[in-house]
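Structure file input20.pdb (PDB, C-alpha atoms, pLDDT in the B column) follows.
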```pdb
ATOM      1  CA  MET A   1       3.718   3.410 -12.339  1.00 95.00           C
ATOM      2  CA  ILE A   2       1.630   6.184 -10.853  1.00 97.00           C
ATOM      3  CA  LYS A   3      -2.131   6.204 -10.306  1.00 96.00           C
ATOM      4  CA  SER A   4      -2.920   8.007 -13.573  1.00 96.00           C
ATOM      5  CA  GLU A   5      -0.844   5.456 -15.515  1.00 97.00           C
ATOM      6  CA  LEU A   6      -2.679   2.611 -13.783  1.00 97.00           C
ATOM      7  CA  THR A   7      -5.984   4.251 -14.668  1.00 97.00           C
ATOM      8  CA  GLN A   8      -4.943   4.593 -18.310  1.00 97.00           C
ATOM      9  CA  ALA A   9      -3.794   0.945 -18.382  1.00 97.00           C
ATOM     10  CA  VAL A  10      -7.199  -0.196 -17.051  1.00 97.00           C
ATOM     11  CA  ALA A  11      -8.983   1.971 -19.631  1.00 97.00           C
ATOM     12  CA  ASP A  12      -6.866   0.590 -22.473  1.00 97.00           C
ATOM     13  CA  TYR A  13      -7.120  -3.034 -21.322  1.00 96.00           C
ATOM     14  CA  ARG A  14     -10.915  -2.960 -20.876  1.00 96.00           C
ATOM     15  CA  GLY A  15     -11.641  -0.615 -23.801  1.00 97.00           C
ATOM     16  CA  ILE A  16     -13.466   1.875 -21.589  1.00 97.00           C
ATOM     17  CA  SER A  17     -13.176   5.612 -21.075  1.00 97.00           C
ATOM     18  CA  TYR A  18     -10.502   7.059 -18.820  1.00 97.00           C
ATOM     19  CA  ARG A  19     -13.228   8.511 -16.590  1.00 97.00           C
ATOM     20  CA  MET A  20     -14.863   5.099 -16.080  1.00 98.00           C
ATOM     21  CA  ALA A  21     -11.482   3.488 -15.368  1.00 97.00           C
ATOM     22  CA  GLU A  22     -10.746   6.270 -12.882  1.00 97.00           C
ATOM     23  CA  LYS A  23     -13.961   5.456 -11.001  1.00 97.00           C
ATOM     24  CA  ILE A  24     -13.006   1.765 -10.881  1.00 97.00           C
ATOM     25  CA  VAL A  25      -9.475   2.442  -9.617  1.00 97.00           C
ATOM     26  CA  ASN A  26     -10.758   4.933  -7.020  1.00 98.00           C
ATOM     27  CA  GLU A  27     -13.371   2.444  -5.756  1.00 97.00           C
ATOM     28  CA  ILE A  28     -10.706  -0.222  -5.302  1.00 96.00           C
ATOM     29  CA  PHE A  29      -8.398   2.135  -3.410  1.00 96.00           C
ATOM     30  CA  ASP A  30     -11.264   3.514  -1.302  1.00 97.00           C
ATOM     31  CA  GLY A  31     -12.198  -0.028  -0.296  1.00 96.00           C
ATOM     32  CA  MET A  32      -8.604  -0.785   0.626  1.00 96.00           C
ATOM     33  CA  PHE A  33      -8.335   2.428   2.680  1.00 95.00           C
ATOM     34  CA  GLU A  34     -11.538   1.622   4.567  1.00 96.00           C
ATOM     35  CA  GLU A  35     -10.450  -1.941   5.314  1.00 96.00           C
ATOM     36  CA  LEU A  36      -7.056  -0.881   6.661  1.00 95.00           C
ATOM     37  CA  ALA A  37      -8.507   2.069   8.596  1.00 93.00           C
ATOM     38  CA  GLY A  38     -10.939  -0.330  10.255  1.00 93.00           C
ATOM     39  CA  GLY A  39      -8.066  -2.524  11.418  1.00 92.00           C
ATOM     40  CA  GLY A  40      -8.538  -5.134   8.698  1.00 94.00           C
ATOM     41  CA  ARG A  41      -6.069  -6.914   6.458  1.00 96.00           C
ATOM     42  CA  ILE A  42      -5.974  -7.213   2.661  1.00 97.00           C
ATOM     43  CA  GLU A  43      -4.535 -10.247   0.895  1.00 96.00           C
ATOM     44  CA  ILE A  44      -4.115 -10.509  -2.868  1.00 95.00           C
ATOM     45  CA  ARG A  45      -2.957 -14.064  -3.592  1.00 94.00           C
ATOM     46  CA  GLY A  46       0.328 -14.194  -5.473  1.00 92.00           C
ATOM     47  CA  PHE A  47       0.880 -10.449  -5.080  1.00 95.00           C
ATOM     48  CA  GLY A  48       1.037  -9.731  -1.360  1.00 97.00           C
ATOM     49  CA  SER A  49      -0.777  -8.534   1.712  1.00 97.00           C
ATOM     50  CA  PHE A  50      -1.378  -5.246   3.486  1.00 97.00           C
ATOM     51  CA  ALA A  51      -1.783  -5.073   7.248  1.00 96.00           C
ATOM     52  CA  ASN A  52      -1.442  -2.520  10.018  1.00 95.00           C
ATOM     53  CA  ARG A  53       1.582  -2.511  12.275  1.00 94.00           C
ATOM     54  CA  HIS A  54       1.011  -1.020  15.697  1.00 93.00           C
ATOM     55  CA  TYR A  55       3.776   0.860  17.484  1.00 93.00           C
ATOM     56  CA  ASN A  56       3.508   1.798  21.158  1.00 95.00           C
ATOM     57  CA  THR A  57       4.854   4.972  22.715  1.00 96.00           C
ATOM     58  CA  TYR A  58       8.640   5.051  22.847  1.00 94.00           C
ATOM     59  CA  GLN A  59      11.488   7.410  23.598  1.00 95.00           C
ATOM     60  CA  GLY A  60      13.324   8.769  20.570  1.00 94.00           C
ATOM     61  CA  ARG A  61      15.837  11.506  19.859  1.00 94.00           C
ATOM     62  CA  ASN A  62      15.640  14.619  17.762  1.00 92.00           C
ATOM     63  CA  PRO A  63      18.460  14.060  15.229  1.00 93.00           C
ATOM     64  CA  ARG A  64      19.329  17.767  15.079  1.00 93.00           C
ATOM     65  CA  THR A  65      19.488  18.539  18.781  1.00 94.00           C
ATOM     66  CA  GLY A  66      19.850  15.124  20.404  1.00 92.00           C
ATOM     67  CA  GLU A  67      16.917  16.034  22.666  1.00 95.00           C
ATOM     68  CA  VAL A  68      14.945  13.061  24.013  1.00 95.00           C
ATOM     69  CA  ILE A  69      11.334  13.118  22.810  1.00 94.00           C
ATOM     70  CA  THR A  70       8.322  10.892  23.343  1.00 95.00           C
ATOM     71  CA  VAL A  71       6.959   9.406  20.129  1.00 93.00           C
ATOM     72  CA  LYS A  72       3.196   8.877  20.271  1.00 95.00           C
ATOM     73  CA  PRO A  73       1.673   5.471  19.526  1.00 95.00           C
ATOM     74  CA  LYS A  74       0.794   4.954  15.880  1.00 94.00           C
ATOM     75  CA  LYS A  75      -0.231   2.416  13.305  1.00 92.00           C
ATOM     76  CA  ILE A  76       1.308   2.192   9.861  1.00 93.00           C
ATOM     77  CA  ALA A  77       0.217   0.214   6.807  1.00 94.00           C
ATOM     78  CA  PHE A  78       2.752  -2.496   5.981  1.00 95.00           C
ATOM     79  CA  PHE A  79       3.063  -4.431   2.696  1.00 97.00           C
ATOM     80  CA  LYS A  80       4.488  -7.941   2.523  1.00 96.00           C
ATOM     81  CA  ALA A  81       5.190  -9.314  -0.957  1.00 96.00           C
ATOM     82  CA  GLY A  82       3.655 -12.690  -1.809  1.00 95.00           C
ATOM     83  CA  LYS A  83       5.672 -15.727  -2.827  1.00 94.00           C
ATOM     84  CA  GLU A  84       4.898 -15.448  -6.557  1.00 94.00           C
ATOM     85  CA  LEU A  85       5.871 -11.761  -6.653  1.00 94.00           C
ATOM     86  CA  ARG A  86       9.122 -12.417  -4.770  1.00 94.00           C
ATOM     87  CA  GLU A  87      10.010 -15.269  -7.128  1.00 93.00           C
ATOM     88  CA  HIS A  88       9.161 -13.202 -10.206  1.00 93.00           C
ATOM     89  CA  LEU A  89      11.334 -10.311  -9.031  1.00 92.00           C
ATOM     90  CA  ALA A  90      14.219 -12.654  -8.214  1.00 92.00           C
ATOM     91  CA  THR A  91      14.201 -14.090 -11.760  1.00 85.00           C
ATOM     92  CA  PRO A  92      16.746 -12.393 -14.053  1.00 80.00           C
ATOM     93  CA  ASN A  93      15.284 -10.413 -16.974  1.00 75.00           C
ATOM     94  CA  SER A  94      11.767 -10.463 -15.537  1.00 58.00           C
TER      95      SER A  94
END
```
Reformat the file's structure so that it appears as structure tokens.
Amino acid sequence: MIKSELTQAVADYRGISYRMAEKIVNEIFDGMFEELAGGGRIEIRGFGSFANRHYNTYQGRNPRTGEVITVKPKKIAFFKAGKELREHLATPNS
């Protein structure tokens, strides 16, 4: 499912216009972006959690040339599936 399909599903489920559903979906994602950018964590019970993973500087290699390069420190959003989601996905024909 892509964002526009999610927006349409919200509009259909709530019986509202696509434009109103788009505002709702965008507000939710904006809030999630802000929380993660601020170093926070998001937990949706039964679904999963989003958190930042921090990586320090390390030495890597350019796969084309084999040249050693320094990779700058970074943080990446990481998703961990919740127990209910994992169990649902593990069930055949779900």
Picked residues, the PyMOL selection byres ((chain A and resi 3-9) around 8), as a ChimeraX atom specification:
/A:1-2,10-13,18,21-22,25
Give me the residues near Lys75 in chain A as a PyMOL selection string, where near means some atom within 8 Å (using all atoms listed in the file) and where sequence neighbours in that chain fewer than 3 positions away do not count.
chain A and resi 52-55
Once the PyMOL selection byres ((chain A and resi 44) around 12) has been evaluated on this model, what residues remain selected, and can you format them as a short mmCIF file (atom, residue, chain, number, x, y, z; two decimals) with C-alpha atoms, in the frame of the given file?
```
data_model
loop_
_atom_site.label_atom_id
_atom_site.label_comp_id
_atom_site.auth_asym_id
_atom_site.auth_seq_id
_atom_site.Cartn_x
_atom_site.Cartn_y
_atom_site.Cartn_z
CA MET A 32 -8.60 -0.78 0.63
CA ARG A 41 -6.07 -6.91 6.46
CA ILE A 42 -5.97 -7.21 2.66
CA GLU A 43 -4.54 -10.25 0.90
CA ARG A 45 -2.96 -14.06 -3.59
CA GLY A 46 0.33 -14.19 -5.47
CA PHE A 47 0.88 -10.45 -5.08
CA GLY A 48 1.04 -9.73 -1.36
CA SER A 49 -0.78 -8.53 1.71
CA PHE A 50 -1.38 -5.25 3.49
CA ALA A 51 -1.78 -5.07 7.25
CA PHE A 79 3.06 -4.43 2.70
CA LYS A 80 4.49 -7.94 2.52
CA ALA A 81 5.19 -9.31 -0.96
CA GLY A 82 3.66 -12.69 -1.81
CA LYS A 83 5.67 -15.73 -2.83
CA GLU A 84 4.90 -15.45 -6.56
CA LEU A 85 5.87 -11.76 -6.65
#
```
Result set, the PyMOL selection byres ((chain A and resi 56) around 8) on current file, as an mmCIF file with C-alpha atoms, keeping the file's coordinate frame:
```cif
data_model
loop_
_atom_site.group_PDB
_atom_site.id
_atom_site.type_symbol
_atom_site.label_atom_id
_atom_site.label_comp_id
_atom_site.auth_asym_id
_atom_site.auth_seq_id
_atom_site.Cartn_x
_atom_site.Cartn_y
_atom_site.Cartn_z
ATOM 1 C CA HIS A 54 1.011 -1.020 15.697
ATOM 2 C CA TYR A 55 3.776 0.860 17.484
ATOM 3 C CA THR A 57 4.854 4.972 22.715
ATOM 4 C CA TYR A 58 8.640 5.051 22.847
ATOM 5 C CA LYS A 72 3.196 8.877 20.271
ATOM 6 C CA PRO A 73 1.673 5.471 19.526
ATOM 7 C CA LYS A 74 0.794 4.954 15.880
#
```
What separates CA of Ile16 in chain A and CA of Phe29 in chain A is a distance of 18.9 Å
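Taking CA of Glu27 in chain A and CA of Ala77 in chain A as endpoints, the distance between them is 18.6 Å.
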Point-to-point distance from CA of Ala37 in chain A to CA of Arg61 in chain A, Å rounded to tenths
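Separation of CA of Ala37 in chain A and CA of Arg61 in chain A: 28.4 Å.
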